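Trainee: One structure, pasted below without further comment.
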Amino acid sequence: MRTVALLPIPSLTDLPEAERTATVELLLSICHQQQERLVEQAEQLSLQLEQIQQLKDEIAVLKGEKGRPEIKPSGLTNPSPDPALEGDEQSPRKRGKPVRKKTAELEIHQEQVLQPQAPLPAGTQFKGYEDYVVQELVVELKNTRYRRACYRGPEGKRIIGELPVAVRDSHFGPTLRSYILSQHYEQHVPQKLLLKQLWHWGVSISSGQLNRLLIHGHEPFHAEKAEVLRTGLEVSSHINVDDTGARHQGQNGYCTHIGNEWFTWFSSTESKSRINFLERLRAGETGYVVDEVARGYMQQQKLPQEPLALLSSEGVYADKSAWEAYLQTQGITNERHIRIATEGALVGSLVHQGIAAELVIVSDDAGQFKIAGFLNALCWVHAERTIHKLIPGGDERRDLQAQVRGQIWTFYQDLKRYQQAPDKATKATLEQRFDQIFTQKTPWQMLNLALKRLHDNKTELLLVLERPDIPLHNNLSENDIRDYVKRRKISATTRSEAGRKARDTFLSLKKTCQKLGIAFWDYLHDRISQQHDILPLPILIRAAAQGP
């Protein structure tokens with residue numbers, strides 16, 4: 001609370017005896033009364049300002065903005081004690097790992113012996129060396145001219161010396177190309193700044209050449225990215241999914257994220273519908289399959305009997321145009337019927353290509369990720385926001401909200417402990433507690449409706465009781481997608497289909513390398529120089545899934 005500073009008013013005892021008249025006593029009494037009223041009014045005003053600020057913070061949180069930062073008191077006035085000196089001053093407490101020299105494991109590329117500059121006095125004895133390690137980075141331009149010897153054979157055939165494999169397709173070396181890709185896609189350096197830096201170093205390159213190096217000629221990377229998704233879906237028991245905004249050619253679009261602890265995969269499109277998500281899951285496959293699985297999906301989505309009967313015969317359709325032509329010949333023209341039939345054919349295609357129905361899709365409850373026929377799990381962090389976003393009107397409702405949130409997070413911690421050691425008795429207890437928490441009735445009707453909404457999602461929220469291997473939240477997708485959001489804020493939009501494809505590919509490969517413990521720079525240089533010392537990422541994903 002703010003304090004009010006007022007000028008001091010003298011008391012009657014501070015005045016000399018001769019000045020203590022009735023008028024002076026009356027004036028001093030009035031001044032003291034006015035001062036007390038001012039203090040009370042200032043305190044009330046300060047309280048009102050605090051309440052207004054709290055309401056502003058709550059409104060900011062509801063809008064998705066940040067509230068006031070919590071500013072800690074300065075450590076200059078009350079410095080925190082040195083943890084090493086706590087307890088017995090004679091034996092300071094040590095924490096963490098034992099101290100080791102940071103340069104002990106460095107590779108030394110050059111050694112230089114330094115002798116004292118002053119003449120050594122007589123009788124001086126040599127006692128060895130004291131090491132002083134300096135790390136340095138050498139950045140220099142290295143241009144190579146390959147002089148290819150040319151010959152003409154006896155039959156007139158031209159014979160010429162072969163270029164090294166790494167430079168056959170480009171006049172820029174593998175290290176320079178790796179640096180360009182790393183700076184742009186890993187470090188988020190815009191093309192203009194990267195071009196300016198290369199010019200300062202003496203590299204003869206135009207903006208068009210730089211753009212081509214960034215977005216063209218990366219078919220091997222695109223192929224490896226597609227295989228990453230196929231392998232990831234094949235070996236995974238669950239995937240985390242999410243989407244975010246992605247602008248292309250000045251138009252708003254969406255980027256879909258699919259991944260887990262072993263891989264990351266991005267794909268940008270103009271839509272974020274369920275059909276779009278199912279098409280992304282196909283990992284490059286183009287077929288549509290009508291079978292028992294597809295018809296089961298259509299029936300579950302309440303496709304009317306008439307169009308369902310028209311799709312009774314099984315079939316495989318090579319691509320989108322063939323599928324649309326088939327629907328046209330069957331007389332299925334209603335927009336809703338086409339959508340449900342297409343979703344069913346895509347689900348049939350996924351099962352046909354080997355994706356197990358036991359695959360769990362962990363999401364934030366967005367409708368496009370709810371796929372009938374597959375197991376769906378919801379993020380507890382997003383679920384709790386339903387309660388957190390309620391605006392309590394008064395202290396009583398605020399206390400109710402805090403009480404319910406405390407119950408939810410306690411239950412969440414118990415779910416985490418269950419994952420470590422699942423058993424039937426604990427499972428039954430947790431199911432019972434879930435019902436008690438989310439069916440309770442409070443004096444606040446909005447809170448009751450929010451609890452009921454979460455209780456309706458009981459199957460998805462408690463899937464972890466059947467599958468302790470799945471995560472309780474979707475934080476992995478949130479963290480993965482941050483890099484994409486950061487790049488979107490820097491570069492805003494892509495202008496060509498090749499640029500959008502390259503962005504998705506290299507961001508996918510970068511995050512996958514990080515999860516597999518591979519430096520993205522090493523990966524880029526290995527692939528561009530065609531050394532292939534690093535195994536294909538799908539093989540490493542498969543090995544990670546199999547465990548140590």
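By order of appearance in the structure tokens: chains A, B, ..., then residues from 1 within every chain, and ligands from 1 in the order shown.
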Please run DSSP on the backbone and report, as a list in words, all residues within segment 272-358 of chain A that come out as strand (DSSP E).

Mentor: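 Secondary structure check on segment 272-358 of chain A, strand (DSSP E): Tyr288, Val289, Val290, Gly315, Val316 and Tyr317 of chain A.
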
Trainee: List as JSON lines every residue of segment 126-233 of chain A that is in contact with segment 502-517 of chain A, defined as an atom at most 8 Å from one of its atoms (using only C-alpha atoms), together with the nearest atom pair and the distance in Å rounded to one decimal, sorted by chain and then rising number.

Mentor:
{"residue": "A:Tyr185", "atom": "CA", "partner": "A:Phe506", "partner_atom": "CA", "distance": 6.4}
{"residue": "A:Glu186", "atom": "CA", "partner": "A:Lys510", "partner_atom": "CA", "distance": 7.0}
{"residue": "A:Leu214", "atom": "CA", "partner": "A:Ala502", "partner_atom": "CA", "distance": 7.5}
{"residue": "A:Ile215", "atom": "CA", "partner": "A:Ala502", "partner_atom": "CA", "distance": 5.3}
{"residue": "A:His216", "atom": "CA", "partner": "A:Ala502", "partner_atom": "CA", "distance": 7.8}
{"residue": "A:His218", "atom": "CA", "partner": "A:Ala502", "partner_atom": "CA", "distance": 7.6}
{"residue": "A:Phe221", "atom": "CA", "partner": "A:Thr505", "partner_atom": "CA", "distance": 7.0}
{"residue": "A:His222", "atom": "CA", "partner": "A:Thr505", "partner_atom": "CA", "distance": 6.0}
{"residue": "A:Lys225", "atom": "CA", "partner": "A:Thr505", "partner_atom": "CA", "distance": 6.1}

Trainee: Per residue of segment 197-227 of chain A within 9 Å of segment 140-146 of chain A, note the shortest atom pair and the distance in Å to one decimal, counting only C-alpha atoms, and order the rows by chain and increasing residue number, as JSON lines.

Mentor:
{"residue": "A:Trp201", "atom": "CA", "partner": "A:Leu141", "partner_atom": "CA", "distance": 6.9}
{"residue": "A:Gly202", "atom": "CA", "partner": "A:Leu141", "partner_atom": "CA", "distance": 6.9}
{"residue": "A:Val203", "atom": "CA", "partner": "A:Leu141", "partner_atom": "CA", "distance": 7.2}

Trainee: Please provide the set of residues having any atom within 12 Å of Ser312 of chain A, restricted to only C-alpha atoms, with same-chain residues fewer than 5 positions apart removed, written as a list in words.

Mentor: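 My reading of the contact set: Val290, Asp291, Glu292, Val293, Ala294, Arg295, Gly296, Met298, Gln299, Gln305, Glu306, Pro307, Gln330 and Ala341 of chain A.
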
Trainee: Name the closest residue to Lys320 of chain A among the candidates A:Ser29, A:Gln445, A:Asn376, A:Thr286; distances are taken between atoms, counting only C-alpha atoms.

Mentor: A:Thr286

Trainee: Extract, using only C-alpha atoms, all DNA, RNA and protein residues at most 12 Å from Pro538 of chain A, discarding same-chain residues fewer than 3 positions from it, and format them as a list in words.

Mentor: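 Here the answer would be Ala223, Glu224, Lys225, Ala226, Glu227, Val228, Leu229, Arg230, Thr231, Gly232, Leu233, Glu234, Val235, Trp262, Phe263, Thr264, Leu509, Thr512, Cys513, Leu516, Ile534, Leu535, Ile541, Arg542, Ala543, Ala544 and Ala545 of chain A.
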
Trainee: Using only C-alpha atoms, which residue out of A:Thr426, A:Ser529, A:Ser46, A:Gln35 lies closest to Arg168 of chain A?

Mentor: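 Among the listed residues, the smallest separation from Arg168 of chain A belongs to A:Ser529.
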
Trainee: Find the residues near Val133 of chain A: any atom within 10 Å, counting only C-alpha atoms, skip ones fewer than 5 places away on the same chain, and give them as a list in words.

Mentor: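 Near Val133 of chain A, the qualifying residues are Thr103, Ala104, Leu106, Ile108 and Glu111 of chain A.
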
Trainee: Could you pull the residues within 8 Å of Ala492 of chain A, counting only C-alpha atoms, minus those fewer than 4 positions along the same chain, as a PyMOL selection string?

Mentor: chain A and resi 247+487-488

Trainee: Kindly export the residues of the current selection with C-alpha atoms, as a PDB file, in the first residue's frame.

Mentor:
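Output saved as again-v8.pdb:
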ATOM      1  CA  ARG A 247       1.534 -16.158 -43.668  1.00  0.00           C
ATOM      2  CA  ARG A 487      10.714 -16.999 -37.432  1.00  0.00           C
ATOM      3  CA  ARG A 488       7.255 -15.759 -38.437  1.00  0.00           C
TER       4      ARG A 488
END

Trainee: Using only C-alpha atoms, pick whichever of A:Arg398, A:His109, A:His337, A:Pro422 has the shortest atom-to-atom distance to Leu137 of chain A.

Mentor: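 Between A:Arg398, A:His109, A:His337, A:Pro422, the residue approaching Leu137 of chain A most closely is A:His109.
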
Trainee: What's the 8 Å shell around Ile528 of chain A, counting only C-alpha atoms, without same-chain residues fewer than 6 positions away, as a PyMOL selection string?

Mentor: chain A and resi 166+174+177-178

Trainee: From the DSSP assignment of the backbone, select every residue of segment 162-321 of chain A that is alpha helix (DSSP H), and format the answer as a PyMOL selection string.

Mentor: chain A and resi 174-181+191-200+207-215+219-235+274-281+292-300+305-310+320-321

Trainee: So how far away is atom CA of Val316 of chain A from atom CA of Gly287 of chain A, in Å?

Mentor: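 A separation of 6.8 Å between them.
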
Trainee: Have a look at A:Glu136, A:Leu465, A:Glu478, A:Gly354 and name the one nearest to Ala425 of chain A; count only C-alpha atoms.

Mentor: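 Closest to Ala425 of chain A, using only C-alpha atoms: A:Leu465.
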
Trainee: When distances are computed from only C-alpha atoms, which of A:Tyr288, A:His188, A:Gly367, A:Tyr132 shows the smallest separation from Lys272 of chain A?

Mentor: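 For Lys272 of chain A, the nearest of the candidates is A:Gly367.
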
Trainee: Between atom CA of Leu181 of chain A and atom CA of Gln110 of chain A, what is the distance, to one decimal in Å?

Mentor: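 The value is 29.8 Å.
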